[in-house]
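This report concerns only the one structure given below.
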Amino acid sequence: MRRTLATAAGALLAIATSLLTTPSPAQAETRAASGFHVGAGRLLDANGEDFVLRGVNHAHAWYPTRTPQALRDVKALGANSVRVVLATGDRWTRTEAADVAAIVTECRRNRLVCVLEAHDTTGYGEQAGAVSLARAVDYWLTLKDALRGQENYVLLNLGNEPYGNSGYQTWTADTQKAVARMRDAGFDHTLMVDAPNWGQDWTFTMRDNAGKVFAADPARNTVFSIHMYGVFDTAAEVNDYLNRFTSQGLPIVVGEFGNAHSDGDPDEDAIMAAAQRLGVGYLGWSWSGNGGGVEYLDMATGFDASRLTDWGRRLFDGSHGIRQTAREAGVFTSGPDDGSTGGACAVTYRLSDWGSWFNADVTIRNTGTTTVKGWRLDFAFPGEQRLNQAWNARAAQQGRQVRATDESWTETIPAGGTVSFGFNGSSTGTNAVPASFTLNGAVCTTN
């Protein structure tokens with residue numbers, strides 16, 4: 001979470017030019033990638049394909065029972081990634097290794113890249129009870145077995161907003177030490193590091209020292225995360241900050257941002273436009289459950305995907321929003337991972353039309369040889385149909401495009417087996433069967 005800053009947002013334009021120490025392109029390509037990795041200043045997936053985060057934050061540490069449905073919902077709305085709040089046990093109830101493993105499984109099942117973050121570091125040096133980055137690394141080391149082999153699907157955000165507005169001068173050295181300890185312990189994952197000053201870096205500590213931190217990572221696999229709230233209330237400030245990184249070939253993401261905040265009104269339109277122009281990832285804060293006067297940062301009211309707030313609609317459906325710009329990670333679209341992706345498939349769509357309204361019964365047959373566990377069916381209405389209510393699946397419509405995803409009781413399609421779901425809706429003009437269907441990105445035959 002964020003905190004009001006005493007420094008004016010205009011300070012971003014008053015600091016001298018960057019002192020970034022930039023690794024050469026050759027340095028950036030030195031590691032033999034086995035999962036997500038950085039190349040030439042870009043985040044690449046395990047297939048070497050450019051990947052741009054387009055997703056949301058979810059507060060698992062405070063709402064652990066909400067996580068499975070939350071992940072399903074944000075995927076259905078088009079996200080390709082989710083940043084998940086974990087707790088080290090120092091300020092909030094510890095997220096244990098078994099729980100972390102379950103979160104990763106749910107992310108993979110929903111074909112979401114999982115950014116895991118340790119939240120207890122928030123505001124260290126200013127916030128009572130906050131812990132150091134070193135303490136966060138202690139926590140990550142206890143999760144090594146749960147995270148081993150997940151480098152294709154998981155990024156590790158070492159500590160959320162690891163300094164407040166006091167003590168941030170040690171950010172560079174402390175971050176270098178934290179990265180070194182992770183590498184020495186055998187973590188090959190892409191590491192994400194947050195800025196100080198409650199994540200907003202109004203002192204430019206991260207901006208001016210990111211090159212040093214990147215060069216000190218023996219894997220050259222560190223991504224930098226800026227949180228954009230009241231400090232970033234103009235397009236000039238947003239563009240200047242992000243341009244400083246991209247022009248130096250350093251990987252940057254907007255790890256949190258909102259459409260309002262107690263420390264000022266961030267320019268979310270400028271943030272999203274700049275991110276799209278530069279190919280920079282962004283993760284909005286947050287899905288649901290905000291309190292303490294920042295309830296307006298909820299994207300979904302009461303964790304209900306059918307009750308998106310203005311902020312939620314802006315993030316998912318607005319210009320440069322998630323639906324418009326998100327692309328699924330190539331590690332999911334190119335083939336199966338843990339059994340949650342699709343193989344060969346056939347779809348039967350039975351239409352019952354009563355003029356201005358209709359029912360559709362859909363059956364998905366797994367014609368492949370392996371079980372599908374977790375599915376997403378995409379198709380387009382051929383006319384002016386509007387989806388109303390679905391059963392045995394969750395469904396959402398954007399324009400003519402429809403995406404249906406499994407419920408917990410319909411998530412598994414055995415080899416040779418089927419699942420069925422249905423929905424009703426309204427229509428004007430001629431109703432007809434959709435022309436094509438894709439299951440987890442694979443084109444199905446139609447019956």
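Following the order of the structure tokens, chains are lettered A, B, ..., residues in each are numbered from 1, and ligands are numbered from 1.
For stretch 265-272 of chain A, the residues within 9 Å (counting only C-alpha atoms, excluding itself and residues fewer than 4 positions away along the chain) are A:Met228, A:Tyr229, A:Gly230, A:Val231, A:Phe232, A:Asp233, A:Thr234, A:Ala235, A:Ala236, A:Val238, A:Asn239, A:Val254, A:Phe257, A:Gly258, A:Asn259, A:Ala260, A:His261, A:Gln276, A:Arg277, A:Tyr282, A:Leu315, A:Ser319, A:His320, A:Gly321.
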Problem set entry | Long-range neighbours of A:Glu106 as number ranges by chain, 12 Å cut-off, only C-alpha atoms, 3 positions minimum in chain | A: 66-73, 75, 81-82, 84, 99-103, 109-114, 153-154, 338-340, 373-374, 408, 411
Exercise. How many Å lie between atom CA of A:Ser426 and atom CA of A:Ala326, rounded to one decimal?
Worked result: 28.5 Å
Can you pull out every residue within 6 Å of A:Gly164, counting only C-alpha atoms, but drop anything in the same chain fewer than 3 positions away, and send it as a PDB file with C-alpha atoms, in the first residue's frame?
ATOM      1  CA  GLY A 123       7.794   1.724   4.305  1.00  0.00           C
ATOM      2  CA  TYR A 124      10.833   0.351   6.127  1.00  0.00           C
ATOM      3  CA  GLU A 126       9.421   5.082   8.516  1.00  0.00           C
ATOM      4  CA  ASN A 197       9.958   6.532  -1.028  1.00  0.00           C
ATOM      5  CA  TRP A 198       6.887   4.326  -0.654  1.00  0.00           C
TER       6      TRP A 198
END
For this session: as a PyMOL selection string, please: all residues of stretch 47-84 of chain A that backbone DSSP puts in strand (DSSP E or B).
Result: chain A and resi 50+54-58+81-84
Exercise. If you run DSSP on the backbone, which residues of stretch 204-280 of chain A are helix (DSSP H, G or I), as a PyMOL selection string?
Worked result: chain A and resi 205-216+235-246+268-278
Any chance you could export the current selection's N, CA and C atoms as a compact mmCIF listing (two decimals), in the first residue's frame?
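Saved result, part-v1.txt, follows:
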# COMPACT_ATOMS: atom_id res chain seq x y z
N THR A 205 16.28 7.92 -6.30
CA THR A 205 17.29 6.98 -5.82
C THR A 205 17.38 5.75 -6.72
N MET A 206 16.26 5.16 -7.06
CA MET A 206 16.28 4.00 -7.94
C MET A 206 16.65 4.42 -9.36
N ARG A 207 16.06 5.49 -9.82
CA ARG A 207 16.32 5.92 -11.20
C ARG A 207 17.81 6.12 -11.45
N ASP A 208 18.49 6.75 -10.50
CA ASP A 208 19.89 7.10 -10.71
C ASP A 208 20.87 5.98 -10.36
N ASN A 209 20.37 4.89 -9.79
CA ASN A 209 21.25 3.80 -9.38
C ASN A 209 20.82 2.44 -9.93
N ALA A 210 19.78 2.42 -10.76
CA ALA A 210 19.29 1.14 -11.29
C ALA A 210 20.36 0.43 -12.11
N GLY A 211 21.13 1.18 -12.88
CA GLY A 211 22.18 0.55 -13.68
C GLY A 211 23.19 -0.19 -12.83
N LYS A 212 23.53 0.37 -11.68
CA LYS A 212 24.48 -0.28 -10.77
C LYS A 212 23.89 -1.59 -10.22
N VAL A 213 22.62 -1.54 -9.86
CA VAL A 213 21.97 -2.74 -9.32
C VAL A 213 21.89 -3.82 -10.40
N PHE A 214 21.52 -3.42 -11.60
CA PHE A 214 21.42 -4.40 -12.68
C PHE A 214 22.77 -5.04 -12.97
N ALA A 215 23.80 -4.22 -13.06
CA ALA A 215 25.13 -4.73 -13.38
C ALA A 215 25.67 -5.64 -12.29
N ALA A 216 25.23 -5.45 -11.04
CA ALA A 216 25.70 -6.27 -9.93
C ALA A 216 25.02 -7.63 -9.87
N ALA A 235 1.50 14.09 -17.21
CA ALA A 235 2.07 13.26 -18.27
C ALA A 235 3.58 13.49 -18.38
N ALA A 236 4.03 14.73 -18.15
CA ALA A 236 5.46 15.02 -18.25
C ALA A 236 6.27 14.19 -17.26
N GLU A 237 5.77 14.09 -16.03
CA GLU A 237 6.48 13.32 -15.01
C GLU A 237 6.48 11.84 -15.34
N VAL A 238 5.36 11.33 -15.78
CA VAL A 238 5.26 9.92 -16.15
C VAL A 238 6.23 9.59 -17.28
N ASN A 239 6.17 10.37 -18.35
CA ASN A 239 7.00 10.09 -19.51
C ASN A 239 8.48 10.26 -19.21
N ASP A 240 8.83 11.29 -18.44
CA ASP A 240 10.24 11.50 -18.12
C ASP A 240 10.80 10.32 -17.37
N TYR A 241 10.07 9.84 -16.38
CA TYR A 241 10.60 8.76 -15.56
C TYR A 241 10.77 7.47 -16.37
N LEU A 242 9.74 7.08 -17.09
CA LEU A 242 9.82 5.83 -17.86
C LEU A 242 10.84 5.93 -18.98
N ASN A 243 10.91 7.09 -19.63
CA ASN A 243 11.88 7.27 -20.72
C ASN A 243 13.31 7.14 -20.22
N ARG A 244 13.57 7.57 -18.99
CA ARG A 244 14.94 7.48 -18.46
C ARG A 244 15.41 6.02 -18.43
N PHE A 245 14.52 5.12 -18.14
CA PHE A 245 14.88 3.69 -18.10
C PHE A 245 14.98 3.11 -19.51
N THR A 246 13.95 3.28 -20.29
CA THR A 246 13.94 2.63 -21.60
C THR A 246 15.05 3.15 -22.49
N GLU A 268 -3.63 8.46 -14.59
CA GLU A 268 -3.67 7.07 -15.05
C GLU A 268 -3.72 6.97 -16.56
N ASP A 269 -4.34 7.94 -17.22
CA ASP A 269 -4.39 7.91 -18.69
C ASP A 269 -2.98 8.05 -19.26
N ALA A 270 -2.20 8.96 -18.70
CA ALA A 270 -0.83 9.14 -19.17
C ALA A 270 0.02 7.91 -18.86
N ILE A 271 -0.20 7.31 -17.69
CA ILE A 271 0.56 6.10 -17.32
C ILE A 271 0.30 4.98 -18.32
N MET A 272 -0.95 4.73 -18.62
CA MET A 272 -1.30 3.64 -19.52
C MET A 272 -0.86 3.93 -20.95
N ALA A 273 -0.99 5.18 -21.38
CA ALA A 273 -0.57 5.54 -22.73
C ALA A 273 0.95 5.42 -22.89
N ALA A 274 1.69 5.91 -21.89
CA ALA A 274 3.15 5.82 -21.95
C ALA A 274 3.61 4.37 -21.91
N ALA A 275 2.97 3.57 -21.06
CA ALA A 275 3.33 2.15 -20.97
C ALA A 275 3.12 1.45 -22.31
N GLN A 276 2.02 1.76 -22.97
CA GLN A 276 1.77 1.15 -24.27
C GLN A 276 2.77 1.63 -25.32
N ARG A 277 3.06 2.90 -25.33
CA ARG A 277 4.00 3.45 -26.31
C ARG A 277 5.39 2.84 -26.15
N LEU A 278 5.81 2.63 -24.91
CA LEU A 278 7.17 2.15 -24.63
C LEU A 278 7.25 0.64 -24.49
For this session: Rounded to one decimal place, report the atom CA of A:Val193-atom CA of A:Phe316 distance in Å.
Result: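 Atom-to-atom, atom CA of A:Val193 to atom CA of A:Phe316, that is 25.3 Å.
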